[in-house]
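A short write-up of the structure that comes next.
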Amino acid sequence: MPRLISAALLLRRDPRLLKLPPYLSLLCVIVGVVWLLMLPLDQYSRRTYISENALLPGQVHTYFGGSDQNVFRAYRHEVDALRNKTNTEVNDELEKIFRGVGLKVGRQNYTYHSSGNTYTGENLYAILQAPRGDATEAIVLIAAWKNVRDEFNRNGLSLALALTRYFKRWSLWSKDIILLVPPDSRAGTQAWVDAYHDAHDPSQVASLPIKSGALQGAIAIDYAQEERFESVHIVYDGVNGQLPNLDLINSVVNIASGQMGMGSALQGFWKHSQKYDDNLKTVLRGMLNQALGHASGPHSSFIPYHVDAVTLHPVGHGWHDEMGLGRLIEGMFRSLNNLLEKLHQSFFFYLLIHKHRFVSIGTYLPSAMLVAANFTIMAIALWVKSGHKEVEHAKERRPKIGATKGEGEEAKTKPVPTSVATEREIFLPLILVAGAQFLGVVPLFIFNQTPSNMLTSIFIIFTLFNAVLPHLASHFLTTSIPQPPTVQQYQLIKSFSLLLLGMFLSSLATLNFSLAFLVGLLSTPLTFSRPWHTPSLGICRYAHAAALHALSPPAVVGLGCFLAGVEVRDVLGEAAFGWRVWGLYTPLVVWCVWWPAWLVGEIIVLGRPGSADGKEKSA
């Protein structure tokens, strides 16, 4: 045992150990990426199933149809007459329809301000009280006047009106049914659900005049196309990457395919081969939507309040009509009506491979954790390395037999490098890293406060300033302070920055896996950034800085907009709107986590340490 302890102590002091962390960090990144690429394989995913037995999807016979189609056409005729009227005039007419059916009606005004634009409107909603309930639980049916693509939701609203009239005739409901008609799919739904849970700002959003019980689920209809459809696109992404309970999606797929004969689509794939290529594309599209965190439909605003919700969007050209979609929604409402409590048995964290296979959090989370761990490993290694320095110590050696007197004296005093503990100078590194973190508030504030018509020009100015800022900061550190940073201080600067980045990303991975993985992957080159000591390697220094600049947040945002074919103004405006209305935290991660780490990495690459090798001589 004593030999084992002594061997461990010797290994601890072995300088070769400090050469391993860069390779370990690289290995973590490679394994994390390979891990993600293996998830679409059937061996690493699971088949979907219904965990909540009370749902009983597809076990009841649906009766919506027949004469209800005439009712649907009549409502569509009335909706067409309201197409060119104002929001208030539309709500006046719809309120008459709801009251004629015998429903309680409420109206709510809201006004939001973002990027110099004003988003104002009036929500209309009606409550169908359950004959067998006590108003303690409710299910929401959402039919926005316009969908997320700003298209007139003509058939969706008409179908919702016909379904409400149909539901009124049944006495089997144990939960109230709320029909919500917001003027749009972005601000109106958020205002209503905030006010329903008393989480709204009274200066912007009015309180609701009437309410029902706890919301158990929500189904949104996005039916803007005129022709018949082939399959139903299930839109399930919520704000900040939150997802509904997997049982809700599985129930839609089960009822659509098993009872209605409809196809189901996810993430914009109308035709899915269920092979590796399409599986990987579905996963990557889902990760991109989750990382962006924006609202993908009117249902997205409900998910942060633990109300499971999806949007049903008919797509394709087939033989299914509005009556088939109505029976699908009826089947979903009948299933949700069976629940005794909120959905909780299935997964809330998952990646859907296709409609019949998924990956749970326990399988995909290690990939993001490995990417985040590479920063922590390098930070700890740099902290240990900064506490030691190499000192050339004169060590006596026995002269060789037959050596001359001069050779013997030289052999006795030959310097041998050795590592000794040294005090860490942490004041400057702490100030620099903390300053970079707080500096991230500046672009966050600028892009959230700038009017939308100036966002493009402000983004170009900031991008140019972003290219110059690391050079100015490095020049200031090198020439404008009494003592330029030493090799040890650059090590500590990088250690503190990577430690914060690893801590943030590992915590974020449990909330928004996709955002943590993508930011970690784009930040991986920061792990291997270092100052170039030799002045003759100036070309390498600036080439390294240019490579890092290509992965800076402004460059990635600009490239992403170019590849997606959208304007930077629209993306930044959507982010500002999400920050103010939805509580979107993606801009916070980009500008206050990713950008400060990138800025510190650039300063390190452009740095010129005061002591080139950190060695000191002592006799």
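We name chains A, B, ... following the order of the structure tokens; residues begin at 1 in each chain, and ligands are numbered from 1 as shown.
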
So which residues touch Glu230 of chain A within 8 Å, counting only C-alpha atoms, skipping near sequence neighbours fewer than 6 positions away, as a list in words? Met262, Gly263, Pro314, Val315, Gly316, His317, Gly318, Trp319 and His320 of chain A

I want to know what sits within 10 Å of segment 425-432 of chain A, based on only C-alpha atoms, with residues of the same chain fewer than 3 positions away left out; could you give that as a list in words? Ser386, Gly387, Thr422, Gly435, Ala436, Gln437, Ala473, Leu477, Pro485, Thr486, Gln488, Gln489, Tyr490, Gln491, Leu492, Ile493, Lys494, Ser495, Phe496, Ser497 and Val600 of chain A

For N, CA and C atoms, I'd like the residues from the last selection saved as a CSV table (one decimal), in the first residue's frame.
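Okay, this is what ended up in selection_27.csv:
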```
chain,number,residue,atom,x,y,z
A,386,SER,N,-0.9,26.3,-14.5
A,386,SER,CA,-0.6,27.7,-14.1
A,386,SER,C,0.1,27.8,-12.7
A,387,GLY,N,-0.1,26.7,-11.9
A,387,GLY,CA,0.5,26.7,-10.6
A,387,GLY,C,1.9,26.2,-10.5
A,422,THR,N,4.3,27.7,-7.9
A,422,THR,CA,4.4,29.2,-7.9
A,422,THR,C,3.0,29.8,-7.6
A,435,GLY,N,-15.2,41.0,-17.2
A,435,GLY,CA,-15.5,42.2,-18.0
A,435,GLY,C,-16.1,41.7,-19.4
A,436,ALA,N,-15.5,40.6,-19.9
A,436,ALA,CA,-16.1,40.0,-21.2
A,436,ALA,C,-17.5,39.5,-21.0
A,437,GLN,N,-17.7,38.9,-19.8
A,437,GLN,CA,-19.1,38.3,-19.6
A,437,GLN,C,-20.1,39.5,-19.5
A,473,ALA,N,-8.4,45.1,-27.8
A,473,ALA,CA,-8.2,44.6,-26.4
A,473,ALA,C,-6.8,44.0,-26.2
A,477,LEU,N,-3.8,45.3,-23.7
A,477,LEU,CA,-3.2,44.5,-22.7
A,477,LEU,C,-1.7,44.4,-22.8
A,485,PRO,N,0.4,40.9,-19.6
A,485,PRO,CA,0.1,39.5,-19.0
A,485,PRO,C,1.2,38.5,-19.3
A,486,THR,N,1.5,37.7,-18.3
A,486,THR,CA,2.5,36.7,-18.5
A,486,THR,C,1.8,35.4,-19.0
A,488,GLN,N,1.5,32.6,-17.5
A,488,GLN,CA,0.6,32.1,-16.5
A,488,GLN,C,-0.8,32.8,-16.5
A,489,GLN,N,-0.8,34.1,-16.7
A,489,GLN,CA,-2.0,34.9,-16.7
A,489,GLN,C,-2.9,34.5,-17.9
A,490,TYR,N,-2.2,34.3,-19.0
A,490,TYR,CA,-3.0,33.9,-20.2
A,490,TYR,C,-3.6,32.5,-20.0
A,491,GLN,N,-2.9,31.6,-19.3
A,491,GLN,CA,-3.4,30.3,-19.0
A,491,GLN,C,-4.6,30.4,-18.0
A,492,LEU,N,-4.5,31.3,-17.1
A,492,LEU,CA,-5.6,31.5,-16.2
A,492,LEU,C,-6.8,32.2,-16.8
A,493,ILE,N,-6.6,33.1,-17.8
A,493,ILE,CA,-7.7,33.7,-18.5
A,493,ILE,C,-8.4,32.7,-19.3
A,494,LYS,N,-7.7,31.8,-20.0
A,494,LYS,CA,-8.4,30.7,-20.8
A,494,LYS,C,-9.0,29.7,-19.8
A,495,SER,N,-8.4,29.4,-18.7
A,495,SER,CA,-9.0,28.5,-17.7
A,495,SER,C,-10.3,29.0,-17.2
A,496,PHE,N,-10.4,30.2,-16.8
A,496,PHE,CA,-11.6,30.8,-16.2
A,496,PHE,C,-12.7,30.8,-17.3
A,497,SER,N,-12.4,31.3,-18.5
A,497,SER,CA,-13.4,31.4,-19.6
A,497,SER,C,-13.9,30.0,-20.0
A,600,VAL,N,-12.8,36.2,-25.5
A,600,VAL,CA,-11.7,35.8,-24.7
A,600,VAL,C,-10.7,34.9,-25.5
```

Contacts of Ala256 of chain A at 12 Å or less, counting only C-alpha atoms, minus same-chain residues fewer than 2 places along, as a ChimeraX atom specification? /A:57-58,230-234,249-254,258-265,312,314,320,324-332,355

Counting only C-alpha atoms, figure out which residue out of A:Ala309, A:Leu472, A:Leu499, A:Leu336 gets nearest to Ser296 of chain A. A:Ala309

Report the residues of segment 310-511 of chain A whose backbone DSSP state falls under helix (DSSP H, G or I), written as a PyMOL selection string. chain A and resi 322-337+361-386+405-412+427-439+441-449+452-479+487-509

DSSP on the backbone: what in segment 239-426 of chain A comes out strand (DSSP E or B), as a PDB file with C-alpha atoms, in the first residue's frame?
```
ATOM      1  CA  GLY A 263     -50.536   9.789 -42.803  1.00  0.00           C
ATOM      2  CA  SER A 264     -48.515  11.677 -40.181  1.00  0.00           C
ATOM      3  CA  ALA A 265     -45.531  13.922 -40.809  1.00  0.00           C
ATOM      4  CA  LEU A 266     -42.912  15.478 -38.534  1.00  0.00           C
ATOM      5  CA  PHE A 269     -40.963  15.625 -44.019  1.00  0.00           C
ATOM      6  CA  ALA A 309     -50.204  21.132 -26.910  1.00  0.00           C
ATOM      7  CA  VAL A 310     -49.648  20.499 -30.632  1.00  0.00           C
ATOM      8  CA  THR A 311     -50.681  22.118 -33.900  1.00  0.00           C
ATOM      9  CA  LEU A 312     -52.310  19.981 -36.607  1.00  0.00           C
ATOM     10  CA  HIS A 313     -51.472  21.169 -40.123  1.00  0.00           C
ATOM     11  CA  PRO A 314     -52.945  19.253 -43.099  1.00  0.00           C
ATOM     12  CA  VAL A 315     -50.456  18.889 -45.961  1.00  0.00           C
ATOM     13  CA  GLY A 316     -50.216  17.228 -49.342  1.00  0.00           C
ATOM     14  CA  HIS A 317     -52.877  16.371 -51.886  1.00  0.00           C
ATOM     15  CA  GLY A 318     -55.075  13.384 -51.111  1.00  0.00           C
ATOM     16  CA  TRP A 319     -58.662  12.305 -50.483  1.00  0.00           C
ATOM     17  CA  HIS A 320     -59.071  13.412 -46.843  1.00  0.00           C
ATOM     18  CA  TYR A 350     -36.900  13.285 -26.429  1.00  0.00           C
ATOM     19  CA  LEU A 351     -35.799  13.422 -30.049  1.00  0.00           C
ATOM     20  CA  LEU A 352     -38.230  12.022 -32.603  1.00  0.00           C
ATOM     21  CA  ILE A 353     -36.565   9.936 -35.335  1.00  0.00           C
ATOM     22  CA  HIS A 354     -39.843   9.518 -37.184  1.00  0.00           C
ATOM     23  CA  ARG A 357     -39.372   5.862 -33.173  1.00  0.00           C
ATOM     24  CA  PHE A 358     -37.784   8.221 -30.653  1.00  0.00           C
ATOM     25  CA  VAL A 359     -34.669   8.690 -28.509  1.00  0.00           C
ATOM     26  CA  SER A 360     -35.065   9.465 -24.817  1.00  0.00           C
ATOM     27  CA  HIS A 388       3.869  25.457 -11.704  1.00  0.00           C
ATOM     28  CA  LYS A 389       6.794  26.976 -13.525  1.00  0.00           C
ATOM     29  CA  GLU A 390       9.983  25.595 -14.945  1.00  0.00           C
ATOM     30  CA  VAL A 391      13.174  26.679 -13.230  1.00  0.00           C
ATOM     31  CA  GLU A 392      16.672  25.889 -14.479  1.00  0.00           C
ATOM     32  CA  HIS A 393      18.423  24.525 -11.419  1.00  0.00           C
ATOM     33  CA  ALA A 394      22.161  23.842 -11.318  1.00  0.00           C
ATOM     34  CA  PRO A 415      21.476  23.371 -15.558  1.00  0.00           C
ATOM     35  CA  VAL A 416      18.545  20.967 -15.435  1.00  0.00           C
ATOM     36  CA  PRO A 417      14.932  22.239 -15.859  1.00  0.00           C
ATOM     37  CA  THR A 418      12.627  21.359 -13.007  1.00  0.00           C
ATOM     38  CA  SER A 419       9.038  22.247 -12.105  1.00  0.00           C
ATOM     39  CA  VAL A 420       8.302  24.105  -8.884  1.00  0.00           C
ATOM     40  CA  ALA A 421       5.078  25.462  -7.396  1.00  0.00           C
TER      41      ALA A 421
END
```

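Across the model, the gap from atom CA of Asn466 of chain A to atom CA of Ser452 of chain A is 20.7 Å.
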
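If only C-alpha atoms are the atoms counted, then among A:Ser523, A:Ser185, A:Gln216, A:Ser301 the closest residue to Ala138 of chain A is A:Gln216.
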
Distance atom CA of Gly578 of chain A-atom CA of Cys592 of chain A, one decimal place? 16.5 Å

Wanna dump the segment 501-606 of chain A-segment 21-35 of chain A contacts at 8 Å for me, each residue with its shortest atom pair and the distance in Å to one decimal, counting only C-alpha atoms, ordered by chain and number, as a Markdown table?
```
| residue | atom | partner | partner_atom | distance |
| --- | --- | --- | --- | --- |
| A:Leu521 | CA | A:Val29 | CA | 7.7 |
| A:Thr524 | CA | A:Val29 | CA | 7.7 |
| A:Thr527 | CA | A:Ser25 | CA | 7.8 |
| A:Phe528 | CA | A:Pro22 | CA | 7.3 |
```

Requested write-out: N, CA and C atoms of the selected residues, as a CSV table (one decimal), in the first residue's frame:
```csv
chain,number,residue,atom,x,y,z
A,521,LEU,N,-20.4,22.8,-29.9
A,521,LEU,CA,-19.7,22.4,-31.1
A,521,LEU,C,-19.0,23.6,-31.8
A,524,THR,N,-15.9,24.7,-29.9
A,524,THR,CA,-14.8,23.8,-29.7
A,524,THR,C,-13.4,24.3,-30.0
A,527,THR,N,-11.1,25.7,-27.2
A,527,THR,CA,-10.4,24.8,-26.3
A,527,THR,C,-8.9,24.8,-26.7
A,528,PHE,N,-8.6,24.9,-28.0
A,528,PHE,CA,-7.3,24.8,-28.5
A,528,PHE,C,-6.6,26.1,-28.9
```
